[in-house]
>>> print(open('upload_31.cif').read())   # mmCIF, C-alpha atoms, pLDDT in the B column; chains and numbers go by the auth columns
data_protein
#
loop_
_atom_site.group_PDB
_atom_site.id
_atom_site.type_symbol
_atom_site.label_atom_id
_atom_site.label_comp_id
_atom_site.label_asym_id
_atom_site.label_seq_id
_atom_site.Cartn_x
_atom_site.Cartn_y
_atom_site.Cartn_z
_atom_site.B_iso_or_equiv
_atom_site.auth_seq_id
_atom_site.auth_asym_id
ATOM 1 C CA ASN A 1 0.080 19.588 5.196 63.00 1 A
ATOM 2 C CA ALA A 2 -1.578 16.771 7.184 76.00 2 A
ATOM 3 C CA GLY A 3 -2.432 14.540 4.198 94.00 3 A
ATOM 4 C CA VAL A 4 -4.240 11.467 5.556 97.00 4 A
ATOM 5 C CA THR A 5 -4.862 11.299 9.297 97.00 5 A
ATOM 6 C CA GLN A 6 -5.861 8.097 11.076 97.00 6 A
ATOM 7 C CA THR A 7 -6.993 7.638 14.646 96.00 7 A
ATOM 8 C CA PRO A 8 -6.282 5.895 16.897 97.00 8 A
ATOM 9 C CA LYS A 9 -2.669 4.855 16.297 96.00 9 A
ATOM 10 C CA PHE A 10 -2.874 1.874 18.636 97.00 10 A
ATOM 11 C CA GLN A 11 -5.777 -0.094 20.061 96.00 11 A
ATOM 12 C CA VAL A 12 -6.264 -3.279 22.050 97.00 12 A
ATOM 13 C CA LEU A 13 -9.704 -4.850 21.982 97.00 13 A
ATOM 14 C CA LYS A 14 -11.226 -7.875 23.620 97.00 14 A
ATOM 15 C CA THR A 15 -12.920 -10.436 21.408 98.00 15 A
ATOM 16 C CA GLY A 16 -16.469 -9.321 20.696 97.00 16 A
ATOM 17 C CA GLN A 17 -15.890 -5.627 21.320 97.00 17 A
ATOM 18 C CA SER A 18 -16.646 -3.086 18.643 96.00 18 A
ATOM 19 C CA MET A 19 -14.724 -0.039 17.507 96.00 19 A
ATOM 20 C CA THR A 20 -14.475 2.470 14.689 98.00 20 A
ATOM 21 C CA LEU A 21 -11.267 3.507 12.996 98.00 21 A
ATOM 22 C CA GLN A 22 -11.350 7.081 11.761 97.00 22 A
ATOM 23 C CA CYS A 23 -9.695 8.457 8.646 98.00 23 A
ATOM 24 C CA ALA A 24 -9.689 11.970 7.232 98.00 24 A
ATOM 25 C CA GLN A 25 -7.878 13.516 4.272 97.00 25 A
ATOM 26 C CA ASP A 26 -7.382 17.183 3.464 96.00 26 A
ATOM 27 C CA MET A 27 -6.263 16.849 -0.160 95.00 27 A
ATOM 28 C CA ASN A 28 -9.742 17.070 -1.697 95.00 28 A
ATOM 29 C CA HIS A 29 -9.377 13.517 -2.983 95.00 29 A
ATOM 30 C CA ASN A 30 -12.412 11.726 -4.341 94.00 30 A
ATOM 31 C CA SER A 31 -11.412 8.131 -3.572 95.00 31 A
ATOM 32 C CA MET A 32 -10.566 6.572 -0.235 96.00 32 A
ATOM 33 C CA TYR A 33 -9.541 3.069 0.834 96.00 33 A
ATOM 34 C CA TRP A 34 -9.057 0.835 3.840 97.00 34 A
ATOM 35 C CA TYR A 35 -6.315 -1.796 3.767 96.00 35 A
ATOM 36 C CA ARG A 36 -5.016 -4.280 6.262 96.00 36 A
ATOM 37 C CA GLN A 37 -1.430 -5.462 6.307 95.00 37 A
ATOM 38 C CA ASP A 38 -0.360 -8.757 7.832 92.00 38 A
ATOM 39 C CA PRO A 39 3.090 -10.364 7.823 83.00 39 A
ATOM 40 C CA GLY A 40 3.635 -12.315 4.616 74.00 40 A
ATOM 41 C CA MET A 41 0.281 -11.188 3.179 76.00 41 A
ATOM 42 C CA GLY A 42 1.026 -7.722 1.904 82.00 42 A
ATOM 43 C CA LEU A 43 -1.625 -5.030 1.723 91.00 43 A
ATOM 44 C CA ARG A 44 -5.156 -6.329 1.232 92.00 44 A
ATOM 45 C CA LEU A 45 -8.056 -4.080 0.358 93.00 45 A
ATOM 46 C CA ILE A 46 -10.983 -4.224 2.782 96.00 46 A
ATOM 47 C CA TYR A 47 -13.345 -1.582 1.395 96.00 47 A
ATOM 48 C CA TYR A 48 -13.081 1.431 -0.812 95.00 48 A
ATOM 49 C CA SER A 49 -15.089 4.495 -1.734 96.00 49 A
ATOM 50 C CA ALA A 50 -14.715 5.702 -5.292 94.00 50 A
ATOM 51 C CA SER A 51 -16.430 8.985 -4.485 93.00 51 A
ATOM 52 C CA GLU A 52 -18.554 10.592 -1.794 93.00 52 A
ATOM 53 C CA GLY A 53 -21.736 8.588 -1.320 91.00 53 A
ATOM 54 C CA THR A 54 -20.405 5.265 -2.653 95.00 54 A
ATOM 55 C CA THR A 55 -18.693 2.341 -0.985 97.00 55 A
ATOM 56 C CA ASP A 56 -17.673 -1.059 -2.329 95.00 56 A
ATOM 57 C CA LYS A 57 -16.199 -4.267 -1.005 95.00 57 A
ATOM 58 C CA GLY A 58 -12.605 -5.096 -1.588 92.00 58 A
ATOM 59 C CA GLU A 59 -10.737 -8.366 -1.245 90.00 59 A
ATOM 60 C CA VAL A 60 -11.393 -9.047 2.480 95.00 60 A
ATOM 61 C CA PRO A 61 -14.594 -7.241 3.610 97.00 61 A
ATOM 62 C CA ASN A 62 -16.026 -9.841 6.021 97.00 62 A
ATOM 63 C CA GLY A 63 -16.323 -8.588 9.583 96.00 63 A
ATOM 64 C CA TYR A 64 -16.075 -4.920 8.605 98.00 64 A
ATOM 65 C CA ASN A 65 -18.360 -2.052 7.653 97.00 65 A
ATOM 66 C CA VAL A 66 -17.521 1.381 6.340 98.00 66 A
ATOM 67 C CA SER A 67 -19.067 4.821 6.129 97.00 67 A
ATOM 68 C CA ARG A 68 -18.084 7.609 3.776 96.00 68 A
ATOM 69 C CA LEU A 69 -19.262 10.382 6.038 90.00 69 A
ATOM 70 C CA ASN A 70 -18.369 13.167 3.609 96.00 70 A
ATOM 71 C CA LYS A 71 -15.672 13.808 1.038 96.00 71 A
ATOM 72 C CA ARG A 72 -12.983 14.078 3.727 97.00 72 A
ATOM 73 C CA GLU A 73 -13.844 11.214 6.059 97.00 73 A
ATOM 74 C CA PHE A 74 -14.025 7.451 5.636 98.00 74 A
ATOM 75 C CA SER A 75 -14.463 5.282 8.725 98.00 75 A
ATOM 76 C CA LEU A 76 -14.018 1.541 9.246 98.00 76 A
ATOM 77 C CA ARG A 77 -16.074 -0.287 11.853 98.00 77 A
ATOM 78 C CA LEU A 78 -15.470 -3.648 13.470 97.00 78 A
ATOM 79 C CA GLU A 79 -18.801 -4.730 14.940 94.00 79 A
ATOM 80 C CA SER A 80 -17.541 -7.769 16.861 96.00 80 A
ATOM 81 C CA ALA A 81 -13.778 -7.970 16.890 96.00 81 A
ATOM 82 C CA ALA A 82 -12.057 -11.327 16.430 97.00 82 A
ATOM 83 C CA PRO A 83 -8.399 -12.293 16.971 97.00 83 A
ATOM 84 C CA SER A 84 -8.098 -12.788 13.194 96.00 84 A
ATOM 85 C CA GLN A 85 -8.604 -9.053 12.837 97.00 85 A
ATOM 86 C CA THR A 86 -5.364 -8.325 14.644 97.00 86 A
ATOM 87 C CA SER A 87 -3.468 -6.361 12.029 97.00 87 A
ATOM 88 C CA VAL A 88 -2.161 -2.994 10.937 97.00 88 A
ATOM 89 C CA TYR A 89 -4.850 -0.957 9.207 98.00 89 A
ATOM 90 C CA PHE A 90 -4.025 1.726 6.668 97.00 90 A
ATOM 91 C CA CYS A 91 -6.334 4.292 5.202 97.00 91 A
ATOM 92 C CA ALA A 92 -5.400 5.798 1.841 95.00 92 A
ATOM 93 C CA SER A 93 -6.765 8.330 -0.597 95.00 93 A
ATOM 94 C CA SER A 94 -6.323 9.338 -4.224 92.00 94 A
ATOM 95 C CA GLU A 95 -7.792 11.799 -6.667 90.00 95 A
ATOM 96 C CA ALA A 96 -9.544 8.924 -8.442 85.00 96 A
ATOM 97 C CA LEU A 97 -9.488 5.127 -8.570 81.00 97 A
ATOM 98 C CA ALA A 98 -6.231 3.725 -9.972 71.00 98 A
ATOM 99 C CA GLN A 99 -4.917 7.272 -9.961 74.00 99 A
ATOM 100 C CA PRO A 100 -1.699 7.495 -12.014 68.00 100 A
ATOM 101 C CA SER A 101 -0.031 9.509 -9.277 74.00 101 A
ATOM 102 C CA GLY A 102 -0.717 6.766 -6.762 80.00 102 A
ATOM 103 C CA TYR A 103 -2.200 6.699 -3.294 90.00 103 A
ATOM 104 C CA THR A 104 -1.379 8.648 -0.138 93.00 104 A
ATOM 105 C CA PHE A 105 -1.467 6.585 3.030 95.00 105 A
ATOM 106 C CA GLY A 106 -2.155 7.435 6.634 97.00 106 A
ATOM 107 C CA SER A 107 0.314 6.358 9.304 96.00 107 A
ATOM 108 C CA GLY A 108 -1.691 3.291 10.279 97.00 108 A
ATOM 109 C CA THR A 109 -3.601 1.859 13.231 97.00 109 A
ATOM 110 C CA ARG A 110 -2.089 -1.103 15.031 96.00 110 A
ATOM 111 C CA LEU A 111 -4.967 -3.207 16.325 97.00 111 A
ATOM 112 C CA THR A 112 -4.631 -6.174 18.647 97.00 112 A
ATOM 113 C CA VAL A 113 -7.650 -8.315 19.467 97.00 113 A
ATOM 114 C CA VAL A 114 -7.187 -10.567 22.497 97.00 114 A
ATOM 115 C CA ARG B 1 -1.364 -16.952 -9.699 67.00 115 B
ATOM 116 C CA LYS B 2 -1.018 -13.793 -7.626 76.00 116 B
ATOM 117 C CA GLU B 3 -1.688 -10.558 -9.483 85.00 117 B
ATOM 118 C CA VAL B 4 1.661 -9.145 -8.374 91.00 118 B
ATOM 119 C CA GLU B 5 4.580 -11.279 -7.265 92.00 119 B
ATOM 120 C CA GLN B 6 7.808 -10.227 -5.627 94.00 120 B
ATOM 121 C CA ASP B 7 10.734 -12.032 -4.051 93.00 121 B
ATOM 122 C CA PRO B 8 10.297 -11.233 -0.344 92.00 122 B
ATOM 123 C CA GLY B 9 14.066 -11.239 0.274 91.00 123 B
ATOM 124 C CA PRO B 10 15.718 -10.041 2.372 94.00 124 B
ATOM 125 C CA PHE B 11 18.396 -8.725 0.090 96.00 125 B
ATOM 126 C CA ASN B 12 21.452 -8.027 2.225 97.00 126 B
ATOM 127 C CA VAL B 13 23.936 -5.739 0.465 97.00 127 B
ATOM 128 C CA PRO B 14 26.897 -3.647 1.558 98.00 128 B
ATOM 129 C CA GLU B 15 26.878 0.122 1.326 98.00 129 B
ATOM 130 C CA GLY B 16 27.763 1.301 -2.148 98.00 130 B
ATOM 131 C CA ALA B 17 26.468 -1.811 -3.866 98.00 131 B
ATOM 132 C CA THR B 18 24.036 -1.882 -6.759 98.00 132 B
ATOM 133 C CA VAL B 19 20.922 -3.953 -6.186 97.00 133 B
ATOM 134 C CA ALA B 20 17.974 -4.780 -8.422 96.00 134 B
ATOM 135 C CA PHE B 21 14.482 -6.089 -7.675 93.00 135 B
ATOM 136 C CA ASN B 22 12.049 -7.555 -10.140 94.00 136 B
ATOM 137 C CA CYS B 23 8.318 -7.879 -9.906 95.00 137 B
ATOM 138 C CA THR B 24 5.981 -9.829 -12.191 95.00 138 B
ATOM 139 C CA TYR B 25 2.328 -9.035 -12.779 93.00 139 B
ATOM 140 C CA SER B 26 -0.477 -11.082 -14.287 90.00 140 B
ATOM 141 C CA ASN B 27 -2.726 -8.449 -15.878 86.00 141 B
ATOM 142 C CA SER B 28 -1.474 -7.773 -19.392 86.00 142 B
ATOM 143 C CA ALA B 29 -3.848 -4.801 -19.583 84.00 143 B
ATOM 144 C CA SER B 30 -2.317 -2.989 -16.598 84.00 144 B
ATOM 145 C CA GLN B 31 -1.636 0.646 -17.405 82.00 145 B
ATOM 146 C CA SER B 32 -0.142 2.084 -14.230 86.00 146 B
ATOM 147 C CA PHE B 33 2.927 0.877 -12.395 91.00 147 B
ATOM 148 C CA PHE B 34 4.645 2.142 -9.279 93.00 148 B
ATOM 149 C CA TRP B 35 7.282 1.387 -6.714 96.00 149 B
ATOM 150 C CA TYR B 36 6.438 2.258 -3.114 95.00 150 B
ATOM 151 C CA ARG B 37 8.816 2.256 -0.183 96.00 151 B
ATOM 152 C CA GLN B 38 7.750 1.159 3.279 96.00 152 B
ATOM 153 C CA ASP B 39 9.951 1.666 6.318 96.00 153 B
ATOM 154 C CA CYS B 40 9.563 -0.622 9.295 92.00 154 B
ATOM 155 C CA ARG B 41 6.290 0.085 11.125 89.00 155 B
ATOM 156 C CA LYS B 42 5.479 2.999 8.825 94.00 156 B
ATOM 157 C CA GLU B 43 3.056 3.614 5.986 95.00 157 B
ATOM 158 C CA PRO B 44 3.918 2.953 2.342 95.00 158 B
ATOM 159 C CA LYS B 45 5.090 5.996 0.415 94.00 159 B
ATOM 160 C CA LEU B 46 5.305 6.479 -3.322 92.00 160 B
ATOM 161 C CA LEU B 47 8.903 6.116 -4.482 95.00 161 B
ATOM 162 C CA MET B 48 8.399 6.481 -8.204 94.00 162 B
ATOM 163 C CA SER B 49 6.040 5.783 -11.054 91.00 163 B
ATOM 164 C CA VAL B 50 7.220 3.446 -13.793 92.00 164 B
ATOM 165 C CA TYR B 51 6.817 4.598 -17.366 86.00 165 B
ATOM 166 C CA SER B 52 6.983 2.580 -20.562 87.00 166 B
ATOM 167 C CA SER B 53 10.203 4.312 -21.539 88.00 167 B
ATOM 168 C CA GLY B 54 11.737 3.709 -18.136 88.00 168 B
ATOM 169 C CA ASN B 55 12.625 6.471 -15.736 92.00 169 B
ATOM 170 C CA GLU B 56 15.382 7.527 -13.433 95.00 170 B
ATOM 171 C CA ASP B 57 15.360 9.526 -10.221 94.00 171 B
ATOM 172 C CA GLY B 58 18.832 10.019 -8.831 96.00 172 B
ATOM 173 C CA ARG B 59 20.191 6.635 -7.798 98.00 173 B
ATOM 174 C CA PHE B 60 16.925 4.877 -8.621 97.00 174 B
ATOM 175 C CA THR B 61 15.988 3.520 -12.048 97.00 175 B
ATOM 176 C CA ALA B 62 12.692 1.821 -12.879 96.00 176 B
ATOM 177 C CA GLN B 63 12.067 -0.222 -16.003 96.00 177 B
ATOM 178 C CA LEU B 64 8.923 -1.764 -17.477 95.00 178 B
ATOM 179 C CA ASN B 65 8.882 -4.811 -19.736 94.00 179 B
ATOM 180 C CA ARG B 66 5.347 -5.214 -21.034 92.00 180 B
ATOM 181 C CA ALA B 67 6.129 -8.227 -23.182 93.00 181 B
ATOM 182 C CA SER B 68 7.372 -10.226 -20.216 93.00 182 B
ATOM 183 C CA GLN B 69 5.064 -8.471 -17.733 94.00 183 B
ATOM 184 C CA TYR B 70 7.634 -7.403 -15.207 93.00 184 B
ATOM 185 C CA ILE B 71 8.948 -4.214 -13.738 96.00 185 B
ATOM 186 C CA SER B 72 12.290 -3.653 -12.122 96.00 186 B
ATOM 187 C CA LEU B 73 13.880 -1.268 -9.670 97.00 187 B
ATOM 188 C CA LEU B 74 17.627 -0.650 -9.690 97.00 188 B
ATOM 189 C CA ILE B 75 19.308 1.117 -6.797 98.00 189 B
ATOM 190 C CA ARG B 76 22.865 2.298 -7.347 98.00 190 B
ATOM 191 C CA ASP B 77 25.361 3.249 -4.637 98.00 191 B
ATOM 192 C CA SER B 78 23.163 1.865 -1.859 98.00 192 B
ATOM 193 C CA LYS B 79 22.915 3.877 1.353 98.00 193 B
ATOM 194 C CA LEU B 80 22.097 2.652 4.830 98.00 194 B
ATOM 195 C CA SER B 81 18.957 4.777 4.584 97.00 195 B
ATOM 196 C CA ASP B 82 17.759 2.711 1.616 98.00 196 B
ATOM 197 C CA SER B 83 17.005 -0.158 4.001 98.00 197 B
ATOM 198 C CA ALA B 84 13.253 -0.680 3.701 97.00 198 B
ATOM 199 C CA THR B 85 10.658 -2.844 2.022 96.00 199 B
ATOM 200 C CA TYR B 86 9.947 -2.015 -1.611 97.00 200 B
ATOM 201 C CA LEU B 87 6.407 -2.655 -2.843 95.00 201 B
ATOM 202 C CA CYS B 88 5.596 -3.235 -6.492 95.00 202 B
ATOM 203 C CA VAL B 89 2.182 -1.826 -7.438 92.00 203 B
ATOM 204 C CA VAL B 90 0.152 -2.273 -10.625 91.00 204 B
ATOM 205 C CA THR B 91 -3.371 -1.686 -11.805 83.00 205 B
ATOM 206 C CA ASN B 92 -5.624 -4.621 -10.899 75.00 206 B
ATOM 207 C CA ASN B 93 -7.284 -7.028 -13.320 68.00 207 B
ATOM 208 C CA ALA B 94 -10.412 -4.872 -13.468 71.00 208 B
ATOM 209 C CA GLY B 95 -8.306 -1.821 -14.236 69.00 209 B
ATOM 210 C CA ASN B 96 -9.937 0.280 -11.526 75.00 210 B
ATOM 211 C CA MET B 97 -7.699 -0.284 -8.516 81.00 211 B
ATOM 212 C CA LEU B 98 -4.072 -0.600 -7.533 86.00 212 B
ATOM 213 C CA THR B 99 -2.824 -4.008 -6.430 88.00 213 B
ATOM 214 C CA PHE B 100 0.167 -4.238 -4.122 91.00 214 B
ATOM 215 C CA GLY B 101 2.815 -6.903 -4.151 92.00 215 B
ATOM 216 C CA GLY B 102 3.999 -8.402 -0.890 92.00 216 B
ATOM 217 C CA GLY B 103 7.202 -6.389 -0.973 94.00 217 B
ATOM 218 C CA THR B 104 10.927 -7.050 -1.143 96.00 218 B
ATOM 219 C CA ARG B 105 12.947 -6.294 1.922 96.00 219 B
ATOM 220 C CA LEU B 106 16.307 -4.599 1.447 97.00 220 B
ATOM 221 C CA MET B 107 18.921 -4.368 4.174 97.00 221 B
ATOM 222 C CA VAL B 108 21.985 -2.266 3.468 98.00 222 B
ATOM 223 C CA LYS B 109 24.901 -3.041 5.775 97.00 223 B
ATOM 224 C CA PRO B 110 27.864 -0.811 6.682 95.00 224 B
#
>>> encode(input="upload_31.cif", output="structure tokens")
Amino acid sequence: NAGVTQTPKFQVLKTGQSMTLQCAQDMNHNSMYWYRQDPGMGLRLIYYSASEGTTDKGEVPNGYNVSRLNKREFSLRLESAAPSQTSVYFCASSEALAQPSGYTFGSGTRLTVV
Amino acid sequence: RKEVEQDPGPFNVPEGATVAFNCTYSNSASQSFFWYRQDCRKEPKLLMSVYSSGNEDGRFTAQLNRASQYISLLIRDSKLSDSATYLCVVTNNAGNMLTFGGGTRLMVKP
């Protein structure tokens, strides 16, 4: 019962480098999300995908792009990393948006941009 | 005003104590409410949903006050293992997403 799997778990990037964070869920959920969590800021939504084939901006989308590759996978791409993007990134999924049973989160990616 | 506000704490309590957290939310139309638990350097995990009639799960009791727009979490007989950050979560203003509070940190001491 893997749930939501994120890779990598840790990453250090230099300013200007690009990378893609991978996320996959095996619960047949329709909706998937990318959040970042910073000290004192709580969880902030970057992008979400209500269903396969759709993506929408969240609260803090600048500097990021996403791809809903299929129903299982939702990736987050940093095209030109900046120190301000140093954070912990969480992917989550749910049966539907604002699902009454809540979201299931992956274990997170700790990203440092130097 | 933030959509969901919580006292960040930390709340330092001895083992066996009863502790309560409140959370206020701004969207009067919110329909779904949750408490999540997040351990240090781990992902958030659903602790319990909060129903209009209130609900209890073992030592944990959640209450919803729609008139005053707050939800509460009561933990009885605190254990060392209850030490974590507790996130209040409600439906966002648009009603199509969950919004997370900043969390309240609880530290249970021996």
>>> closest_residue(input="upload_31.cif", among="A:Leu13, A:Cys23, A:Leu43, A:Ala96", to="chain B", atoms="all atoms listed in the file")
A:Leu43
>>> residues_around(input="upload_31.cif", residues="Ala208 in chain B", least_positions_apart="5", cutoff="10 Å", atoms="only C-alpha atoms", output="JSON, numbers by chain")
{"B": [141, 143, 144]}
>>> resolve_selection(input="upload_31.cif", expression="the PyMOL selection byres ((chain A) within 6 of (chain B))", output="list in words")
Gly42, Leu97, Ala98 and Ser107 of chain A
>>> atom_distance(input="upload_31.cif", atom1="CA of Val4 in chain A", atom2="CA of Phe105 in chain A")
6.2 Å
>>> resolve_selection(input="upload_31.cif", expression="the PyMOL selection byres ((chain B and resi 196) around 12)", output="ChimeraX atom specification")
/B:125-133,151-154,161,173-174,188-195,197-200,219-224
>>> residues_around(input="upload_31.cif", residues="Glu95 in chain A", least_positions_apart="3", cutoff="10 Å", atoms="all atoms listed in the file", output="list in words")
Met27, Asn28, His29, Asn30, Ser31, Met32, Ala50, Ser51, Ala98, Gln99, Pro100, Ser101, Gly102, Tyr103 and Thr104 of chain A
>>> write_last_selection(input="upload_31.cif", atoms="C-alpha atoms", output="short mmCIF file (atom, residue, chain, number, x, y, z; two decimals), in the coordinates of the input")
data_model
loop_
_atom_site.label_atom_id
_atom_site.label_comp_id
_atom_site.auth_asym_id
_atom_site.auth_seq_id
_atom_site.Cartn_x
_atom_site.Cartn_y
_atom_site.Cartn_z
CA MET A 27 -6.26 16.85 -0.16
CA ASN A 28 -9.74 17.07 -1.70
CA HIS A 29 -9.38 13.52 -2.98
CA ASN A 30 -12.41 11.73 -4.34
CA SER A 31 -11.41 8.13 -3.57
CA MET A 32 -10.57 6.57 -0.24
CA ALA A 50 -14.72 5.70 -5.29
CA SER A 51 -16.43 8.98 -4.49
CA ALA A 98 -6.23 3.72 -9.97
CA GLN A 99 -4.92 7.27 -9.96
CA PRO A 100 -1.70 7.50 -12.01
CA SER A 101 -0.03 9.51 -9.28
CA GLY A 102 -0.72 6.77 -6.76
CA TYR A 103 -2.20 6.70 -3.29
CA THR A 104 -1.38 8.65 -0.14
#
>>> atom_distance(input="upload_31.cif", atom1="CA of Ser87 in chain A", atom2="CA of Ala2 in chain A")
23.7 Å
>>> resolve_selection(input="upload_31.cif", expression="the PyMOL selection byres ((chain A and resi 54-63) around 9)", output="list in words")
Trp34, Tyr35, Arg36, Arg44, Leu45, Ile46, Tyr47, Tyr48, Ser49, Ala50, Ser51, Glu52, Gly53, Tyr64, Asn65, Val66, Ser67, Arg68, Arg77, Leu78, Glu79, Ser80, Ala81, Ala82 and Gln85 of chain A
>>> atom_distance(input="upload_31.cif", atom1="CA of Ser93 in chain A", atom2="CA of Phe135 in chain B")
26.6 Å
>>> residues_near_point(input="upload_31.cif", point="(-12.4, 1.8, 10.6)", cutoff="6 Å", atoms="only C-alpha atoms", output="JSON, numbers by chain")
{"A": [20, 21, 22, 75, 76, 77]}
>>> residues_near_point(input="upload_31.cif", point="(0.2, -8.5, -17.8)", cutoff="9 Å", atoms="all atoms listed in the file", output="MDAnalysis selection string")
chainID B and resid 117 138:144 180:184 207
>>> closest_residue(input="upload_31.cif", among="A:Pro83, A:Thr7, A:Tyr89, A:Met19", to="Tyr33 in chain A", atoms="only C-alpha atoms")
A:Tyr89
>>> residues_around(input="upload_31.cif", residues="Ala24 in chain A", least_positions_apart="4", cutoff="8 Å", atoms="all atoms listed in the file", output="MDAnalysis selection string")
chainID A and resid 4:6 72:74
>>> build_atoms(input="upload_31.cif", residues="range 202-221 of chain B", atoms="N, CA and C atoms", output="CSV table (one decimal), in the frame of the given file")
chain,number,residue,atom,x,y,z
B,202,CYS,N,5.9,-3.4,-5.1
B,202,CYS,CA,5.6,-3.2,-6.5
B,202,CYS,C,4.1,-3.1,-6.6
B,203,VAL,N,3.6,-2.1,-7.4
B,203,VAL,CA,2.2,-1.8,-7.4
B,203,VAL,C,1.8,-1.7,-8.9
B,204,VAL,N,0.7,-2.4,-9.2
B,204,VAL,CA,0.2,-2.3,-10.6
B,204,VAL,C,-1.4,-2.2,-10.6
B,205,THR,N,-1.9,-1.7,-11.7
B,205,THR,CA,-3.4,-1.7,-11.8
B,205,THR,C,-3.9,-3.1,-11.7
B,206,ASN,N,-5.1,-3.3,-11.1
B,206,ASN,CA,-5.6,-4.6,-10.9
B,206,ASN,C,-6.3,-5.1,-12.2
B,207,ASN,N,-6.7,-6.4,-12.1
B,207,ASN,CA,-7.3,-7.0,-13.3
B,207,ASN,C,-8.5,-6.3,-13.9
B,208,ALA,N,-9.2,-5.6,-13.0
B,208,ALA,CA,-10.4,-4.9,-13.5
B,208,ALA,C,-10.0,-3.5,-14.0
B,209,GLY,N,-8.8,-3.1,-13.7
B,209,GLY,CA,-8.3,-1.8,-14.2
B,209,GLY,C,-8.8,-0.6,-13.4
B,210,ASN,N,-9.4,-0.9,-12.3
B,210,ASN,CA,-9.9,0.3,-11.5
B,210,ASN,C,-9.3,0.4,-10.1
B,211,MET,N,-8.3,-0.3,-9.9
B,211,MET,CA,-7.7,-0.3,-8.5
B,211,MET,C,-6.2,-0.6,-8.6
B,212,LEU,N,-5.5,-0.2,-7.6
B,212,LEU,CA,-4.1,-0.6,-7.5
B,212,LEU,C,-3.9,-1.9,-6.7
B,213,THR,N,-3.1,-2.8,-7.2
B,213,THR,CA,-2.8,-4.0,-6.4
B,213,THR,C,-1.4,-4.0,-6.0
B,214,PHE,N,-1.2,-4.3,-4.7
B,214,PHE,CA,0.2,-4.2,-4.1
B,214,PHE,C,0.8,-5.6,-4.0
B,215,GLY,N,2.1,-5.7,-4.4
B,215,GLY,CA,2.8,-6.9,-4.2
B,215,GLY,C,3.2,-7.0,-2.7
B,216,GLY,N,3.7,-8.2,-2.3
B,216,GLY,CA,4.0,-8.4,-0.9
B,216,GLY,C,5.2,-7.7,-0.4
B,217,GLY,N,6.0,-7.2,-1.4
B,217,GLY,CA,7.2,-6.4,-1.0
B,217,GLY,C,8.5,-7.2,-1.0
B,218,THR,N,9.6,-6.5,-1.2
B,218,THR,CA,10.9,-7.0,-1.1
B,218,THR,C,11.7,-6.3,-0.1
B,219,ARG,N,12.2,-7.0,0.9
B,219,ARG,CA,12.9,-6.3,1.9
B,219,ARG,C,14.4,-6.1,1.6
B,220,LEU,N,14.9,-4.9,1.7
B,220,LEU,CA,16.3,-4.6,1.4
B,220,LEU,C,17.0,-4.2,2.8
B,221,MET,N,18.1,-4.8,3.0
B,221,MET,CA,18.9,-4.4,4.2
B,221,MET,C,20.3,-4.0,3.7
